[in-house]
file run-v3.txt (compact mmCIF, C-alpha atoms)
# COMPACT_ATOMS: atom_id res chain seq x y z
CA MET A 1 -34.16 8.52 9.77
CA GLN A 2 -34.60 5.32 11.83
CA VAL A 3 -36.65 3.78 9.01
CA PHE A 4 -33.84 4.60 6.53
CA GLN A 5 -31.18 3.17 8.84
CA ARG A 6 -33.15 -0.06 9.35
CA ALA A 7 -33.69 -0.45 5.60
CA THR A 8 -30.00 0.18 4.89
CA ALA A 9 -28.92 -2.23 7.60
CA ALA A 10 -31.22 -4.90 6.15
CA LEU A 11 -29.69 -4.38 2.72
CA PHE A 12 -26.14 -4.81 3.98
CA ALA A 13 -27.14 -7.73 6.20
CA ALA A 14 -28.51 -9.56 3.17
CA LEU A 15 -25.31 -8.80 1.30
CA PHE A 16 -22.75 -9.84 3.88
CA SER A 17 -24.40 -12.53 6.01
CA GLY A 18 -23.85 -16.24 5.83
CA THR A 19 -20.07 -16.46 5.38
CA ALA A 20 -17.32 -17.27 7.83
CA ALA A 21 -13.86 -15.71 8.06
CA ALA A 22 -10.97 -17.85 6.86
CA ALA A 23 -7.29 -16.87 6.93
CA ASP A 24 -6.25 -19.21 4.12
CA ALA A 25 -8.00 -17.45 1.25
CA ASP A 26 -7.50 -19.24 -2.07
CA CYS A 27 -6.41 -16.21 -4.08
CA VAL A 28 -3.32 -14.32 -5.26
CA PRO A 29 -2.28 -11.42 -2.99
CA GLN A 30 -0.72 -8.23 -4.33
CA LYS A 31 2.90 -7.52 -3.37
CA ASP A 32 3.05 -3.72 -3.46
CA ILE A 33 1.47 -2.81 -0.12
CA ASP A 34 1.99 -4.23 3.35
CA VAL A 35 -1.63 -4.27 4.51
CA ALA A 36 -0.48 -4.33 8.13
CA GLN A 37 0.12 -0.57 7.72
CA ILE A 38 -3.57 0.01 6.88
CA ASP A 39 -5.40 0.94 10.06
CA ALA A 40 -8.32 2.75 8.44
CA ARG A 41 -11.56 0.87 7.75
CA ILE A 42 -11.92 2.66 4.39
CA VAL A 43 -9.43 2.18 1.55
CA LEU A 44 -9.84 4.29 -1.60
CA VAL A 45 -8.29 2.92 -4.80
CA GLY A 46 -8.13 5.65 -7.44
CA GLU A 47 -8.19 4.09 -10.86
CA THR A 48 -8.08 5.07 -14.50
CA HIS A 49 -11.21 3.39 -15.86
CA GLY A 50 -10.86 0.70 -18.49
CA THR A 51 -7.59 -1.08 -17.66
CA ARG A 52 -6.86 -4.71 -16.92
CA GLU A 53 -4.21 -4.07 -14.32
CA ILE A 54 -5.96 -1.91 -11.70
CA PRO A 55 -8.95 -4.24 -11.14
CA ARG A 56 -6.48 -7.12 -10.92
CA PHE A 57 -4.42 -5.22 -8.36
CA THR A 58 -7.64 -4.58 -6.42
CA ALA A 59 -8.42 -8.30 -6.42
CA GLY A 60 -4.94 -8.89 -5.00
CA LEU A 61 -5.51 -6.21 -2.37
CA VAL A 62 -8.73 -7.90 -1.27
CA CYS A 63 -6.82 -11.17 -1.08
CA SER A 64 -4.06 -9.60 1.04
CA LEU A 65 -6.60 -8.17 3.48
CA LEU A 66 -8.37 -11.53 3.78
CA ARG A 67 -5.09 -13.31 4.46
CA ALA A 68 -4.42 -10.73 7.17
CA GLY A 69 -7.64 -11.90 8.83
CA LYS A 70 -9.80 -8.97 7.76
CA SER A 71 -13.24 -9.08 6.16
CA VAL A 72 -13.80 -6.97 3.05
CA VAL A 73 -16.54 -4.98 1.37
CA LEU A 74 -15.52 -4.22 -2.22
CA GLY A 75 -17.15 -1.02 -3.43
CA VAL A 76 -17.54 -0.68 -7.19
CA GLU A 77 -18.54 2.45 -9.08
CA HIS A 78 -21.89 1.12 -10.28
CA SER A 79 -25.32 2.59 -9.69
CA GLY A 80 -26.92 1.78 -6.35
CA GLN A 81 -30.01 0.56 -8.18
CA GLN A 82 -27.92 -2.43 -9.32
CA GLN A 83 -27.23 -3.62 -5.77
CA GLU A 84 -29.65 -6.51 -5.84
CA SER A 85 -28.19 -7.81 -9.12
CA PHE A 86 -24.74 -7.91 -7.47
CA ASN A 87 -26.22 -9.64 -4.42
CA ARG A 88 -27.88 -12.21 -6.66
CA TYR A 89 -24.69 -12.88 -8.58
CA LEU A 90 -22.61 -13.36 -5.44
CA ARG A 91 -25.14 -15.95 -4.25
CA SER A 92 -25.18 -17.70 -7.63
CA ALA A 93 -23.11 -20.54 -9.07
CA GLY A 94 -21.49 -18.11 -11.53
CA SER A 95 -22.82 -19.85 -14.64
CA GLU A 96 -22.94 -18.18 -18.04
CA ALA A 97 -26.65 -17.53 -17.47
CA ASP A 98 -25.83 -15.93 -14.12
CA ARG A 99 -23.21 -13.68 -15.73
CA GLN A 100 -25.56 -12.65 -18.50
CA MET A 101 -28.23 -11.77 -15.96
CA LEU A 102 -25.74 -9.59 -14.08
CA LEU A 103 -24.68 -7.86 -17.31
CA GLN A 104 -28.28 -6.97 -18.11
CA GLY A 105 -28.05 -4.35 -15.39
CA GLN A 106 -28.23 -0.84 -16.79
CA SER A 107 -24.92 0.21 -15.29
CA TRP A 108 -22.99 -2.35 -17.37
CA LYS A 109 -24.38 -0.61 -20.45
CA THR A 110 -24.18 2.97 -19.21
CA TYR A 111 -20.73 2.43 -17.73
CA ALA A 112 -19.16 0.90 -20.80
CA ASP A 113 -16.40 3.49 -20.31
CA GLY A 114 -14.34 1.05 -18.27
CA ARG A 115 -16.43 0.75 -15.14
CA GLY A 116 -18.29 -2.05 -16.92
CA SER A 117 -15.22 -3.74 -18.39
CA VAL A 118 -14.23 -7.38 -18.69
CA ALA A 119 -11.63 -6.76 -15.97
CA MET A 120 -14.32 -5.38 -13.66
CA LEU A 121 -16.48 -8.44 -14.29
CA GLU A 122 -13.48 -10.65 -13.47
CA LEU A 123 -13.02 -8.71 -10.22
CA VAL A 124 -16.64 -9.30 -9.22
CA GLU A 125 -16.26 -12.97 -10.15
CA THR A 126 -13.23 -13.18 -7.86
CA LEU A 127 -15.37 -11.93 -4.98
CA ARG A 128 -18.11 -14.44 -5.83
CA THR A 129 -15.57 -17.28 -5.77
CA LEU A 130 -14.08 -16.10 -2.48
CA ARG A 131 -17.51 -15.82 -0.91
CA HIS A 132 -18.42 -19.34 -1.98
CA GLY A 133 -15.10 -20.46 -0.48
CA GLY A 134 -16.19 -19.21 2.93
CA GLN A 135 -14.68 -15.73 2.95
CA ARG A 136 -16.45 -12.75 4.54
CA VAL A 137 -16.71 -10.56 1.44
CA GLY A 138 -19.38 -8.54 -0.30
CA VAL A 139 -19.77 -6.18 -3.25
CA LEU A 140 -21.28 -2.74 -2.77
CA ALA A 141 -22.60 -0.65 -5.69
CA PHE A 142 -21.94 2.84 -4.35
CA SER A 143 -22.43 5.19 -7.29
CA ARG A 144 -25.37 7.56 -7.58
CA ASN A 145 -28.82 6.00 -7.90
CA ASP A 146 -30.67 7.71 -10.75
CA ASN A 147 -33.76 5.51 -10.52
CA LEU A 148 -36.06 8.43 -9.80
CA GLN A 149 -39.48 7.88 -11.40
CA VAL A 150 -41.73 10.55 -9.93
CA PRO A 151 -43.62 11.57 -12.01
CA MET A 152 -43.64 8.25 -13.87
CA GLU A 153 -43.78 9.69 -17.39
CA ALA A 154 -40.45 9.49 -19.21
CA ALA A 155 -41.23 12.77 -20.93
CA ASP A 156 -41.15 14.51 -17.55
CA ARG A 157 -37.46 13.77 -17.10
CA ALA A 158 -35.43 16.92 -17.71
CA PHE A 159 -32.80 17.38 -20.37
CA LEU A 160 -29.87 18.51 -18.26
CA THR A 161 -28.49 21.97 -18.71
CA PRO A 162 -24.73 22.46 -18.13
CA ASP A 163 -25.48 23.95 -14.70
CA ASP A 164 -27.71 21.02 -13.78
CA ASP A 165 -24.99 18.62 -14.88
CA LEU A 166 -22.55 20.30 -12.50
CA LEU A 167 -25.06 20.00 -9.68
CA GLN A 168 -25.55 16.30 -10.40
CA SER A 169 -21.79 15.76 -10.29
CA ARG A 170 -21.70 17.32 -6.85
CA ILE A 171 -24.65 15.19 -5.72
CA ALA A 172 -22.99 12.05 -7.08
CA ASP A 173 -19.85 12.40 -5.00
CA ARG A 174 -21.78 13.28 -1.86
CA MET A 175 -23.89 10.15 -2.32
CA MET A 176 -20.81 8.02 -3.01
CA ALA A 177 -19.07 9.31 0.12
CA ASP A 178 -22.17 8.75 2.24
CA THR A 179 -22.70 5.20 0.95
CA VAL A 180 -19.09 4.15 1.53
CA MET A 181 -19.03 5.75 4.98
CA ASN A 182 -22.36 4.17 5.91
CA ALA A 183 -21.04 0.72 4.99
CA ALA A 184 -18.02 1.28 7.24
CA ILE A 185 -20.26 2.44 10.10
CA LEU A 186 -22.77 -0.40 9.80
CA TYR A 187 -20.09 -3.09 9.42
CA PRO A 188 -17.11 -2.10 11.60
CA ARG A 189 -15.54 -5.58 11.25
CA TYR A 190 -15.10 -5.02 7.51
CA VAL A 191 -12.59 -3.00 5.55
CA VAL A 192 -14.38 -1.10 2.78
CA VAL A 193 -12.21 -1.07 -0.35
CA ALA A 194 -13.78 1.46 -2.73
CA LEU A 195 -12.53 1.31 -6.33
CA ALA A 196 -13.36 4.54 -8.15
CA GLY A 197 -12.00 6.94 -10.71
CA SER A 198 -9.07 8.98 -9.40
CA GLY A 199 -11.14 12.15 -9.78
CA HIS A 200 -13.49 10.76 -7.11
CA THR A 201 -10.75 9.58 -4.73
CA SER A 202 -9.04 12.98 -4.91
CA THR A 203 -8.86 15.16 -1.80
CA VAL A 204 -8.54 18.40 -3.78
CA GLN A 205 -11.59 20.59 -4.20
CA GLY A 206 -12.56 21.94 -7.61
CA THR A 207 -12.20 21.05 -11.28
CA ASP A 208 -11.72 23.12 -14.41
CA ARG A 209 -15.48 22.96 -14.94
CA ASP A 210 -16.60 23.46 -11.34
CA PRO A 211 -14.44 25.16 -8.69
CA ALA A 212 -17.03 24.23 -6.04
CA PHE A 213 -16.91 20.49 -6.76
CA MET A 214 -15.99 18.40 -3.69
CA PRO A 215 -14.82 14.89 -4.58
CA MET A 216 -15.68 11.80 -2.58
CA GLY A 217 -12.15 11.55 -1.18
CA GLN A 218 -12.27 15.07 0.22
CA LEU A 219 -15.72 14.53 1.74
CA LEU A 220 -14.74 11.23 3.32
CA THR A 221 -11.37 12.21 4.75
CA ALA A 222 -12.88 15.32 6.34
CA GLN A 223 -15.00 13.02 8.51
CA VAL A 224 -13.34 9.61 8.90
CA PRO A 225 -9.88 8.07 8.45
CA ALA A 226 -9.17 6.60 5.03
CA PHE A 227 -6.15 5.09 3.29
CA ILE A 228 -5.75 6.30 -0.31
CA ILE A 229 -3.95 4.35 -3.04
CA GLY A 230 -2.83 5.98 -6.30
CA PHE A 231 -0.95 4.71 -9.32
CA GLU A 232 1.87 5.77 -11.57
CA THR A 233 2.67 4.11 -14.86
CA GLY A 234 5.12 4.06 -17.72
CA GLY A 235 2.17 4.63 -20.04
CA GLY A 236 -0.16 2.36 -21.93
CA GLU A 237 -3.80 2.23 -22.95
CA HIS A 238 -7.30 2.08 -21.51
CA TRP A 239 -10.85 1.79 -22.82
CA ALA A 240 -12.59 5.14 -22.61
CA TYR A 241 -15.32 7.26 -24.11
CA GLY A 242 -14.88 10.60 -25.80
CA LEU A 243 -15.32 12.12 -29.22
CA GLY A 244 -16.02 9.23 -31.56
CA GLY A 245 -17.46 7.01 -28.85
CA GLY A 246 -15.77 4.21 -26.94
CA ARG A 247 -12.37 2.96 -28.03
CA VAL A 248 -8.85 2.22 -26.85
CA ARG A 249 -7.07 5.43 -25.90
CA ALA A 250 -3.53 6.22 -24.82
CA ILE A 251 -2.42 6.88 -21.25
CA ASP A 252 0.63 9.07 -20.71
CA ALA A 253 3.47 8.01 -18.46
CA GLY A 254 3.41 9.40 -14.94
CA PRO A 255 0.97 9.53 -12.03
CA THR A 256 -2.68 8.85 -12.83
CA PHE A 257 -3.94 10.99 -9.93
CA ALA A 258 -4.40 14.75 -9.72
CA GLY A 259 -1.55 16.91 -8.50
CA GLY A 260 -1.88 18.01 -4.90
CA THR A 261 -4.19 15.20 -3.84
CA ARG A 262 -3.33 13.11 -0.82
CA VAL A 263 -2.03 9.64 -1.68
CA ASP A 264 -0.90 7.36 1.14
CA GLN A 265 0.62 4.71 -1.13
CA ILE A 266 1.71 4.94 -4.76
CA VAL A 267 1.69 1.68 -6.71
CA ARG A 268 3.83 1.46 -9.84
CA ILE A 269 2.41 -0.36 -12.88
CA ASP A 270 4.91 -0.44 -15.73
CA ARG A 271 2.33 -0.53 -18.49
CA LEU A 272 -1.47 -0.35 -18.50
CA THR A 273 -3.52 -2.27 -21.07
CA ALA A 274 -7.12 -1.73 -22.13
CA SER A 275 -10.07 -3.86 -21.05
CA LYS A 276 -13.16 -3.78 -23.27
CA PRO A 277 -16.78 -3.49 -22.12
CA ALA A 278 -18.00 -6.80 -20.70
CA ARG A 279 -21.38 -6.57 -22.42
CA ASP A 280 -20.02 -6.68 -25.95
CA ALA A 281 -16.40 -7.79 -25.69
CA THR A 282 -15.21 -10.81 -27.63
CA GLY A 283 -11.97 -10.81 -25.64
CA PRO A 284 -10.26 -8.98 -22.79
call {"tool": "encode", "arguments": {"input": "run-v3.txt", "output": "structure tokens"}}
result
Amino acid sequence: MQVFQRATAALFAALFSGTAAAADADCVPQKDIDVAQIDARIVLVGETHGTREIPRFTAGLVCSLLRAGKSVVLGVEHSGQQQESFNRYLRSAGSEADRQMLLQGQSWKTYADGRGSVAMLELVETLRTLRHGGQRVGVLAFSRNDNLQVPMEAADRAFLTPDDDLLQSRIADRMMADTVMNAAILYPRYVVVALAGSGHTSTVQGTDRDPAFMPMGQLLTAQVPAFIIGFETGGGEHWAYGLGGGRVRAIDAGPTFAGGTRVDQIVRIDRLTASKPARDATGP
């Protein structure tokens, strides 16, 4: 356990060291939430994947927290095996070559359902710019790490049965909760803002597929304080996958979070618009 804690601490130290706090962050704050009311060190932002507006709101939330004198870890729903590529990009000059190297990460391909969108890339770029401007910010890839290669033969990897898929979903949210909580424990001077699908930030146990499923939000709030942000909208569109592959799909008007879940602040967005995958988009 001590070996694991030292290795994890070294990872976060490499990610967050070398910047100084500055109250005059050069960024655009959001206007929907008074961050003075946020006492918790963990903030969960429950998104609908594949929109322009929610990542932009999250960038504004990070800005508001910085202007309030707080340091910020931005958690993004990308595989933990991509952590070093995020670290490298935040240290880089943000050139086109740097962006293309970041986008070579497997999660930008696998998560072309909105988690790897142009808007998400813009959000990460905002953090890179803030960091280079002297702000105490970092990006944390907190989704499940599937880089398991024992045995090393690709043929030995199992084709998942429906039951195995349910088990992996449970594992994923436990790992996400543990990673976010560990960041908050290791870096108590930071606010961890975790942007994830609203199904993960939910505090309600069970889904139609799996009554035993415990989402990240439920697992976290059972152990530590957290502030949960949800959204409601007049409708719109997002980029999503489904039958027929990835495309722009409609979003109904109303709340984008599950009924019964705890939400500490609802943010109203009049209309959501789709953001394409960053790896192959020719526009936003």
call {"tool": "residues_near_point", "arguments": {"input": "run-v3.txt", "point": "(5.5, 6.7, -7.4)", "cutoff": "12 Å", "atoms": "all atoms listed in the file", "output": "ChimeraX atom specification"}}
result
/A:32,229-234,253-257,263-270
call {"tool": "residues_near_point", "arguments": {"input": "run-v3.txt", "point": "(-24.3, 7.2, -4.6)", "cutoff": "12 Å", "atoms": "only C-alpha atoms", "output": "PyMOL selection string"}}
result
chain A and resi 75-83+140-147+168-182+196+200+216
call {"tool": "closest_residue", "arguments": {"input": "run-v3.txt", "among": "A:Gly46, A:Ala112, A:Glu96, A:Phe213", "to": "Gly245 in chain A", "atoms": "all atoms listed in the file"}}
result
A:Ala112
call {"tool": "atom_distance", "arguments": {"input": "run-v3.txt", "atom1": "CA of Thr58 in chain A", "atom2": "CA of Leu186 in chain A"}}
result
22.6 Å
call {"tool": "closest_residue", "arguments": {"input": "run-v3.txt", "among": "A:Ala93, A:Ala119, A:Val191, A:Leu219", "to": "Arg56 in chain A", "atoms": "all atoms listed in the file"}}
result
A:Ala119
call {"tool": "closest_residue", "arguments": {"input": "run-v3.txt", "among": "A:Gly133, A:Gly50, A:Gly138, A:Pro215", "to": "Gly114 in chain A", "atoms": "all atoms listed in the file"}}
result
A:Gly50
call {"tool": "atom_distance", "arguments": {"input": "run-v3.txt", "atom1": "CA of Asp24 in chain A", "atom2": "CA of Arg67 in chain A"}}
result
6.0 Å
call {"tool": "atom_distance", "arguments": {"input": "run-v3.txt", "atom1": "CA of Ala184 in chain A", "atom2": "CA of Val73 in chain A"}}
result
8.7 Å
call {"tool": "closest_residue", "arguments": {"input": "run-v3.txt", "among": "A:Asp156, A:Leu74, A:Thr207, A:Pro277", "to": "Ser107 in chain A", "atoms": "all atoms listed in the file"}}
result
A:Pro277
call {"tool": "closest_residue", "arguments": {"input": "run-v3.txt", "among": "A:Arg88, A:Arg131, A:Ser95, A:Pro55", "to": "Ala25 in chain A", "atoms": "all atoms listed in the file"}}
result
A:Arg131
call {"tool": "closest_residue", "arguments": {"input": "run-v3.txt", "among": "A:Thr51, A:Thr126, A:Ser117, A:Thr161", "to": "Val28 in chain A", "atoms": "all atoms listed in the file"}}
result
A:Thr126
call {"tool": "residues_around", "arguments": {"input": "run-v3.txt", "residues": "Val124 in chain A", "least_positions_apart": "2", "cutoff": "9 Å", "atoms": "all atoms listed in the file", "output": "CSV table (one decimal) with C-alpha atoms, keeping the file's coordinate frame"}}
result
chain,number,residue,atom,x,y,z
A,59,ALA,CA,-8.4,-8.3,-6.4
A,74,LEU,CA,-15.5,-4.2,-2.2
A,76,VAL,CA,-17.5,-0.7,-7.2
A,86,PHE,CA,-24.7,-7.9,-7.5
A,89,TYR,CA,-24.7,-12.9,-8.6
A,90,LEU,CA,-22.6,-13.4,-5.4
A,119,ALA,CA,-11.6,-6.8,-16.0
A,120,MET,CA,-14.3,-5.4,-13.7
A,121,LEU,CA,-16.5,-8.4,-14.3
A,122,GLU,CA,-13.5,-10.6,-13.5
A,126,THR,CA,-13.2,-13.2,-7.9
A,127,LEU,CA,-15.4,-11.9,-5.0
A,128,ARG,CA,-18.1,-14.4,-5.8
A,129,THR,CA,-15.6,-17.3,-5.8
A,139,VAL,CA,-19.8,-6.2,-3.2
